[in-house]
Structure formats: C-alpha cells, structure tokens
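Here's the structure, in structure tokens; my notes come after.
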Amino acid sequence: MTGEYWTLTKAHQALARRQLSARELAEAHLQQIHAHNSQLRAFLYINEDILQLAQEQDKKRAQGSFLPPLAGLPIAIKDLFHTKDMPTTYGSRYFAHHQPLADAPSVARLRELGALLIGKTHLHEFAFGTTSENIHYGHVRNPWNRSKIAGGSSGGSAVALASGMSLAALGTDTGGSVRIPAALTGTVGLKPSFGLISKEGVFPLAPSLDHVGPMTLSVDDAAWMLSLLTASSHEQAMRMSPDDHPYLPYSLPEPIRAGVIRPYFFDRCHPGVVDKITSLLRVLETRWLKRIDLSLSGLERVQEYQRVLITTEAYALHRQRLQENDSLFGDDVRDRLNSAKSLSAIEFLDALHFQKEFTAEMTEKFAIVDVLVMPTVPIPATDIGQSKVFVGSHEMPVRSLLNRNTQPFNFTGLPALSIPVGLLDGLPVGLQLVGPLGSERKLLSIGKFIEEAVQWNPLAPMHRA
C-alpha cells in the first residue's frame with residue numbers, strides 16, 4: 001500500500017483494473033492490524049481466513065468470472081453485530097464466549113457481496129458509553145494520539161479506519177456512537193434516518209433510539225455502503241457499483257441553505273472548535289453556501305429526556321443479567337443501568353411526549369433550510385481516564401459533553417453525517433450535517449462538496465504510507 005491511501009471506492013477500481021490483488025489488499029490490512037492492534041485495541045477478533053477467500057476471488061477475477069461488488073475489500077464489523085463465524089462479545093465479560101449461529105442481516109449482505117470481513121471491532125461495553133474505555137478488554141486508543149480516547153461506542157471501528165486496518169466498518173449509533181468516534185478520529189460516520197438499515201441481529205441498547213450506520217474513509221464510500229445495505233434485494237445490490245447506485249452524491253443547485261442553531265450547538269464548545277467550524281462556513285459562504293441563523297426551543301432538555309429513554313430501555317434489557325451477576329458489568333455501565341430504578345413511569349411518558357413535540361418543531365426548520373450544520377463534538381479527544389473537562393468557565397462531564405450535539409438526532413431519528421474538517425492541537429475536528437427524514441442523498445452530496453473543499457487525509461500520520 002504505497003502512495004495515496006485507499007478508500008473503499010478507490011480500492012474497488014484498482015481491483016477491477018487488476019492494479020492490485022485482493023490477496024495483497026488483505027495482507028496489507030492484516031499487517032497493519034498485527035503491527036498496531038496491541039496498542040490501539042481496535043479489534044477484539046481478527047479473521048485471518050480472509051486470505052484464503054481473497055485468493056479464491058483473485059483466481060475468479062483472473063478467469064474473467066463475475067465477482068460481486070465488494071469482492072476483495074476488507075470491512076470491519078462492530079462486535080455488537082452477530083457473526084456466524086466469529087465470536088460476538090458485545091464488549092462484555094457476560095458474553096465472553098458467545099458464538100451466534102447466524103449473521104445479522106447487514107453482515108450477511110456484506111458477506112454475500114464479497115466483502116472480506118476482517119474482524120470484530122472493539123467498543124464500549126454493551127455500546128453504553130461515549131469513550132470506548134473498556135475495563136474488560138482494554139481501552140480503545142486514538143491513533144492521532146494514543147493517550148487520547150477514540151470516542152464511542154463504535155471506537156474500534158473508527159480506529160480501524162484511521163489506522164489503515166480496514167476500508168470500511170459497520171457501527172451503531174444510539175446517542176452519537178457512529179458520529180462521535182468518526183469526529184475524534186478524522187473519519188466519516190453516517191447515522192441514517194431511523195430504521196433505514198436493519199437492526200436485526202444487532203444487540204440493542206435502546207431500541208427506540210438505536211441506528212445502524214456505515215463508517216468510512218470518504219463520503220463516496222459512505223454513500224455506496226448505504227446503497228448496498230439498503231438495497232431491496234440481493235439482485236439489486238449485486239448490480240451496484242461505486243459510480244451507479246441510489247445514494248450517489250450529485251450536484252446540488254446553489255446556494256445551499258445551511259441552518260446554524262445558536263447558542264446551543266456552539267455555547268459549550270472549545271473555542272478552537274468554534275473557530276474551525278465558523279472559519280470553514282465563512283469560506284463556503286464565498287462559494288455556494290448561504291448561512292441562515294435559527295433558534296430552537298427545548299434543546300437544553302433533550303439530553304435529560306434522552307437519558308430517561310436510554311436508561312429505562314437498557315435497564316429493561318439487562319435487568320435479569322444484573323440480578324444474576326452484576327459483578328460481570330463494568331462499574332460505569334452498571335451504575336448507568338441501575339440509575340433507571342429511580343425513574344418513574346411518568347418521567348418516561350413525559351420524555352415520549354416531549355420527543356414527539358420536539359421532533360415536529362425541528363422538522364419544521366427544514367422548510368427554510370436544506371441542512372443544519374454544527375460541530376459534531378464540542379471538544380477534541382480527551383485523555384483516557386479523564387472524567388471532566390473545562391469549557392470556558394464551565395466544568396462538564398466528558399461523557400455528556402461528547403454526545404451533547406449528537407443526541408438530538410437520535411431523539412428525532414433524523415439523518416446525520418459527520419465529516420472531518422481539520423485539526424486542533426493535532427487532533428481531528430468533525431462537522432455534523434443534519435437533514436430531514438429520508439434526505440440522505442442530499443446530505444451526502446453536501447458532505448462531498450465540503451469534503452472536496454477541505455481536502456482531508458483520514459489516515460493518522462503514523463499510519464500513512
């Protein structure tokens with residue numbers, strides 16, 4: 001792997017032109033895993049069997065046989081998805097030896113399309129956290145600075161991308177778990193509209209808020225992955241190439257109306273993050289973006305109501321396991337689950353009522369804007385083990401600050417895309433784009449415009465060829 005880094009779409013083209021073999025690509029990514037995984041903890045399980053599959057695919061390609069669209073491309077799977085040939089621990093001791101009998105449908109789709117499923121990526125225990133610090137299997141570390149968190153809960157998937165261990169990955173997102181690690185590692189993370197990608201065969205955290213989404217090295221890759229994962233049939237997916245699929249980014253009429261909601265999404269941010277985002281918006285305003293300032297009531301209440309929904313639903317799922325042996329849970333996850341005991345049915349119903357009203361009010365904003373823009377995460381990656389951080393004169397818990405800007409879009413189910421836009425003190429900063437339900441193609445198209453303006457290299461410096 002020399003020269004420019006590979007993306008999913010670039011590697012697909014190189015394989016098709018026989019500039020690269022599947023075996024070479026698999027070996028290169030496995031080599032990165034063997035060299036760095038012991039420090040970064042991106043993977044919990046590594047699938048060496050892909051070398052044999054890659055060799056078989058190379059043989060078929062040499063014979064001129066038809067190959068499915070993802071043939072030869074290494075893709076990682078968050079260890080929350082069931083895999084029939086790899087252990088699935090959910091990042092927990094409770095399921096340390098768990099082996100599912102069947103793939104999750106999303107995993108099965110990737111397998112049918114020829115993907116080299118390179119392994120299962122590390123995560124926050126039961127996906128219930130924003131840092132991917134895990135006392136059972138070690139903390140996931142950020143390849144941009146190994147003393148920093150990678151974000152969570154899909155931290156291993158993001159690190160696998162940023163360190164050259166995989167070309168794409170599957171993640172889940174209940175309060176920001178795809179977008180937070182994408183932002184903190186300089187990669188792309190898409191949380192689609194609620195329910196767009198099947199959650200079957202994926203261990204739940206809070207079913208009413210859980211989303212499945214692709215994590216990639218480019219917007220084009222995220223768009224292609226979304227098309228493949230949402231195709232109505234196997235036959236339709238088999239015909240989808242990187243330059244011909246339903247979510248392919250397209251040229252939008254100018255100007256693009258970008259809504260900026262202040263103060264909420266900017267008032268608890270590191271000043272450097274605010275400067276990075278506002279400077280980018282000023283540059284884009286000179287080209288094709290029209291900024292529209294907006295206000296939205298109720299944002300300050302979202303985190304508390306979302307906490308009510310998540311903890312209640314998660315506790316209902318784990319109650320029996322907690323009663324059987326709560327010592328198998330990490331302290332942070334156990335405490336968070338048990339906090340549901342103090343909640344009442346009235347509080348849960350109040351949260352549902354507020355969710356309905358807030359979603360309607362937010363949806364109305366898209367009558368006057370095409371997209372909402374904001375920092376994905378208000379701060380750059382914090383130190384591993386750090387529980388609080390100062391933002392201005394405010395000392396805040398790291399966990400609640402990390403998901404402050406992402407939770408509202410699980411709460412509403414709206415699609416949200418995080419793309420990297422620069423560095424602050426050597427650490428990536430992400431921009432979040434949000435659209436109305438079903439607007440993924442427009443969102444990805446806007447994301448690609450910005451990506452082209454930024455010209456970002458998603459591989460952490462020490463992992464570049």
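In the structure tokens, chains take letters A, B, ... by order of appearance, with residues numbered from 1 within each chain and ligands from 1 in the order shown.
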
Please provide the set of residues having any atom within 12 Å of Glu304 (chain A), restricted to only C-alpha atoms, with same-chain residues fewer than 4 positions apart removed, written as a list in words. Gly298, Leu299, Glu300, Val308, Leu309, Ile310, Thr311, Leu343, Glu347, Phe348, Asp350, Ala351, Leu352, Phe354, Gln355, Ser400, Asn403, Arg404, Gln407, Pro408 and Phe411 of chain A

For the strand (DSSP E) assignment from backbone DSSP, which residues of region 349-390 of chain A qualify? Please present them as JSON, numbers by chain. {"A": [371, 372, 373, 374, 375, 388, 389, 390]}

Write a file of the selected residues as a PDB file, in the first residue's frame, keeping N, CA and C atoms.
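So selection_26.pdb came out as:
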ATOM      1  N   VAL A 371     -30.080  22.024   5.215  1.00  0.00           N
ATOM      2  CA  VAL A 371     -29.249  21.245   6.120  1.00  0.00           C
ATOM      3  C   VAL A 371     -28.965  22.072   7.367  1.00  0.00           C
ATOM      4  N   LEU A 372     -28.777  21.400   8.495  1.00  0.00           N
ATOM      5  CA  LEU A 372     -28.269  22.041   9.703  1.00  0.00           C
ATOM      6  C   LEU A 372     -26.783  21.721   9.819  1.00  0.00           C
ATOM      7  N   VAL A 373     -25.988  22.690  10.261  1.00  0.00           N
ATOM      8  CA  VAL A 373     -24.547  22.474  10.411  1.00  0.00           C
ATOM      9  C   VAL A 373     -24.117  22.864  11.814  1.00  0.00           C
ATOM     10  N   MET A 374     -23.155  22.096  12.357  1.00  0.00           N
ATOM     11  CA  MET A 374     -22.675  22.336  13.719  1.00  0.00           C
ATOM     12  C   MET A 374     -21.445  21.471  13.963  1.00  0.00           C
ATOM     13  N   PRO A 375     -20.680  21.726  15.013  1.00  0.00           N
ATOM     14  CA  PRO A 375     -19.621  20.786  15.374  1.00  0.00           C
ATOM     15  C   PRO A 375     -20.235  19.434  15.738  1.00  0.00           C
ATOM     16  N   LYS A 388     -13.826  14.738  33.560  1.00  0.00           N
ATOM     17  CA  LYS A 388     -14.393  16.078  33.428  1.00  0.00           C
ATOM     18  C   LYS A 388     -13.455  16.965  32.624  1.00  0.00           C
ATOM     19  N   VAL A 389     -14.020  17.999  32.034  1.00  0.00           N
ATOM     20  CA  VAL A 389     -13.230  18.913  31.217  1.00  0.00           C
ATOM     21  C   VAL A 389     -13.811  20.317  31.362  1.00  0.00           C
ATOM     22  N   PHE A 390     -12.945  21.322  31.360  1.00  0.00           N
ATOM     23  CA  PHE A 390     -13.395  22.706  31.392  1.00  0.00           C
ATOM     24  C   PHE A 390     -13.627  23.199  29.971  1.00  0.00           C
TER      25      PHE A 390
END

For Arg23 (chain A), work out the shell of residues within 12 Å, counting only C-alpha atoms and skipping chain neighbours fewer than 4 positions away, then give it as a list of chain:residue names. A:Leu15, A:Arg18, A:Glu27, A:Ala28, A:His29, A:Leu30, A:Gln31, A:Glu48, A:Asp49, A:Ile50, A:Leu51, A:Gln52, A:Leu53, A:Ala54, A:Gln55, A:Glu56, A:Gln57, A:Asp58, A:Lys59, A:Arg61, A:Ala71, A:Gly72, A:Leu73, A:Pro74, A:Leu116

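Distances from A:Gly259, A:Pro397, A:Gly422, A:Gly330 to Ile368 (chain A) were compared using only C-alpha atoms, and the smallest one belongs to A:Gly259.
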
Contacts of Asp244 (chain A) at 12 Å (only C-alpha atoms; same-chain gap of 5+ positions) as a list in words: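 The neighbour list is Thr9, Pro69, Asp220, Ala223, Trp224, Ser227, Leu228, Gln236, Ala237, Met238, Arg239, Pro249 and Tyr250 of chain A.
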
File of the preceding selection, N, CA and C atoms, as a short mmCIF file (atom, residue, chain, number, x, y, z; two decimals), in the first residue's frame:
data_model
loop_
_atom_site.label_atom_id
_atom_site.label_comp_id
_atom_site.auth_asym_id
_atom_site.auth_seq_id
_atom_site.Cartn_x
_atom_site.Cartn_y
_atom_site.Cartn_z
N THR A 9 -13.93 2.85 -2.49
CA THR A 9 -14.21 3.00 -3.92
C THR A 9 -12.93 2.97 -4.75
N PRO A 69 -19.85 -6.84 -5.95
CA PRO A 69 -19.23 -5.51 -5.88
C PRO A 69 -18.21 -5.30 -4.76
N ASP A 220 -18.03 9.40 -0.45
CA ASP A 220 -18.42 8.48 -1.52
C ASP A 220 -18.57 7.05 -0.99
N ALA A 223 -21.78 6.70 1.01
CA ALA A 223 -22.95 6.65 0.13
C ALA A 223 -23.10 5.27 -0.50
N TRP A 224 -22.00 4.71 -0.98
CA TRP A 224 -22.05 3.38 -1.61
C TRP A 224 -22.45 2.32 -0.59
N SER A 227 -26.16 2.47 0.06
CA SER A 227 -26.94 1.87 -1.03
C SER A 227 -26.91 0.35 -0.95
N LEU A 228 -25.74 -0.22 -0.71
CA LEU A 228 -25.61 -1.68 -0.65
C LEU A 228 -26.40 -2.26 0.52
N GLN A 236 -30.53 -6.58 -6.65
CA GLN A 236 -30.32 -5.15 -6.85
C GLN A 236 -28.95 -4.73 -6.33
N ALA A 237 -28.58 -5.21 -5.14
CA ALA A 237 -27.29 -4.85 -4.54
C ALA A 237 -26.13 -5.33 -5.40
N MET A 238 -26.28 -6.51 -6.01
CA MET A 238 -25.20 -7.08 -6.81
C MET A 238 -24.87 -6.21 -8.03
N ARG A 239 -25.80 -5.37 -8.45
CA ARG A 239 -25.59 -4.54 -9.63
C ARG A 239 -25.04 -3.15 -9.29
N PRO A 249 -23.72 10.72 -4.59
CA PRO A 249 -23.79 12.19 -4.47
C PRO A 249 -23.95 12.86 -5.83
N TYR A 250 -24.67 13.96 -5.85
CA TYR A 250 -24.95 14.67 -7.10
C TYR A 250 -24.75 16.16 -6.90
#

Distance query Ala104 (chain A) at most 12 Å, only C-alpha atoms, self and fewer than 2 positions along chain excluded, as a ChimeraX atom specification: /A:77-86,88,100-102,106-111,170,197-203,212,229

Determine, counting only C-alpha atoms, which protein, DNA and RNA residues have an atom within 9 Å of an atom of Ile33 (chain A); residues of the same chain fewer than 2 positions away are not included. Present the result as a PDB file with N, CA and C atoms, in the first residue's frame.
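Now in part-v9.pdb:
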ATOM      1  N   ALA A  28      -2.097  -6.416   3.363  1.00  0.00           N
ATOM      2  CA  ALA A  28      -1.687  -5.085   3.815  1.00  0.00           C
ATOM      3  C   ALA A  28      -2.476  -4.648   5.044  1.00  0.00           C
ATOM      4  N   HIS A  29      -3.784  -4.920   5.041  1.00  0.00           N
ATOM      5  CA  HIS A  29      -4.605  -4.513   6.183  1.00  0.00           C
ATOM      6  C   HIS A  29      -4.355  -5.399   7.404  1.00  0.00           C
ATOM      7  N   LEU A  30      -4.161  -6.679   7.186  1.00  0.00           N
ATOM      8  CA  LEU A  30      -3.815  -7.559   8.311  1.00  0.00           C
ATOM      9  C   LEU A  30      -2.459  -7.175   8.903  1.00  0.00           C
ATOM     10  N   GLN A  31      -1.536  -6.766   8.046  1.00  0.00           N
ATOM     11  CA  GLN A  31      -0.225  -6.332   8.528  1.00  0.00           C
ATOM     12  C   GLN A  31      -0.365  -5.119   9.449  1.00  0.00           C
ATOM     13  N   ALA A  35       0.601  -5.043  13.430  1.00  0.00           N
ATOM     14  CA  ALA A  35       1.605  -4.071  13.873  1.00  0.00           C
ATOM     15  C   ALA A  35       1.091  -3.145  14.967  1.00  0.00           C
ATOM     16  N   HIS A  36      -0.212  -2.829  14.944  1.00  0.00           N
ATOM     17  CA  HIS A  36      -0.692  -1.753  15.810  1.00  0.00           C
ATOM     18  C   HIS A  36      -1.858  -2.107  16.735  1.00  0.00           C
ATOM     19  N   ASN A  37      -2.499  -3.240  16.524  1.00  0.00           N
ATOM     20  CA  ASN A  37      -3.701  -3.507  17.313  1.00  0.00           C
ATOM     21  C   ASN A  37      -3.414  -3.703  18.799  1.00  0.00           C
ATOM     22  N   SER A  38      -2.261  -4.227  19.140  1.00  0.00           N
ATOM     23  CA  SER A  38      -1.962  -4.434  20.556  1.00  0.00           C
ATOM     24  C   SER A  38      -1.900  -3.111  21.315  1.00  0.00           C
ATOM     25  N   ALA A  42      -8.159  -1.786  18.477  1.00  0.00           N
ATOM     26  CA  ALA A  42      -9.275  -1.578  17.548  1.00  0.00           C
ATOM     27  C   ALA A  42     -10.099  -2.843  17.372  1.00  0.00           C
ATOM     28  N   PHE A  43      -9.433  -4.013  17.383  1.00  0.00           N
ATOM     29  CA  PHE A  43     -10.112  -5.283  17.116  1.00  0.00           C
ATOM     30  C   PHE A  43     -10.115  -6.179  18.348  1.00  0.00           C
ATOM     31  N   ILE A  46      -9.671 -11.071  15.082  1.00  0.00           N
ATOM     32  CA  ILE A  46      -9.087 -10.868  13.750  1.00  0.00           C
ATOM     33  C   ILE A  46      -9.341 -12.112  12.911  1.00  0.00           C
ATOM     34  N   ALA A 160      -9.988   1.476  13.426  1.00  0.00           N
ATOM     35  CA  ALA A 160      -9.597   0.566  12.352  1.00  0.00           C
ATOM     36  C   ALA A 160      -9.459   1.314  11.031  1.00  0.00           C
ATOM     37  N   SER A 163      -6.384   4.032  11.159  1.00  0.00           N
ATOM     38  CA  SER A 163      -5.052   3.431  11.256  1.00  0.00           C
ATOM     39  C   SER A 163      -4.749   2.486  10.102  1.00  0.00           C
ATOM     40  N   GLY A 164      -5.604   2.472   9.072  1.00  0.00           N
ATOM     41  CA  GLY A 164      -5.335   1.656   7.894  1.00  0.00           C
ATOM     42  C   GLY A 164      -5.545   0.175   8.092  1.00  0.00           C
ATOM     43  N   MET A 165      -6.396  -0.207   9.057  1.00  0.00           N
ATOM     44  CA  MET A 165      -6.675  -1.617   9.321  1.00  0.00           C
ATOM     45  C   MET A 165      -7.891  -2.129   8.559  1.00  0.00           C
ATOM     46  N   SER A 166      -8.698  -1.226   8.034  1.00  0.00           N
ATOM     47  CA  SER A 166      -9.908  -1.613   7.308  1.00  0.00           C
ATOM     48  C   SER A 166     -10.306  -0.478   6.379  1.00  0.00           C
TER      49      SER A 166
END

Just want the 7 Å neighbourhood of region 290-295 of chain A, counted on only C-alpha atoms, with same-chain residues fewer than 5 positions away dropped. Output as a list in words.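 Contacts, with the query itself left out: Pro255, Ile256, Arg257, Ala258, Gly259, Val260, Ile261, Arg262 and Glu285 of chain A.
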
Which is closest to Gly195 (chain A) among A:Pro458, A:Gly438, A:Arg321, A:Pro271, if we use only C-alpha atoms?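 Residue with the minimum atom-to-atom distance to Gly195 (chain A): A:Gly438.
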
Could you find all residues in region 158-365 of chain A that DSSP calls helix (DSSP H, G or I) from the backbone, and write them as an NGL selection string? :A and (158-162 or 179-185 or 219-230 or 234-238 or 271-285 or 299-328 or 331-342 or 345-365)

Two-atom distance - CA of Gly435 (chain A), CA of Ala314 (chain A) (Å):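 Between these atoms lies a distance of 27.4 Å.
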
Pairwise distance for CA of Gln13 (chain A) and CA of Thr230 (chain A), rounded to one decimal in Å: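 The value is 22.0 Å.
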
Between A:Asp326, A:Val377, A:Gln455, A:Arg268, which residue has the minimum interatomic distance to Gly392 (chain A), considering only C-alpha atoms?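 Residue with the minimum atom-to-atom distance to Gly392 (chain A): A:Arg268.
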
What does the distance from CA of Pro461 (chain A) to CA of Arg282 (chain A) come to in Å, to one decimal?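 So the answer is 27.7 Å.
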
Hey, which bits of region 129-197 of chain A sit within 8 Å of region 90-95 of chain A, and for each residue what's the closest pair of atoms and how far apart in Å (one decimal), counting only C-alpha atoms, rows by chain and increasing number, as JSON lines?
{"residue": "A:Asn134", "atom": "CA", "partner": "A:Gly91", "partner_atom": "CA", "distance": 7.5}
{"residue": "A:His136", "atom": "CA", "partner": "A:Arg93", "partner_atom": "CA", "distance": 6.4}
{"residue": "A:Tyr137", "atom": "CA", "partner": "A:Gly91", "partner_atom": "CA", "distance": 7.4}
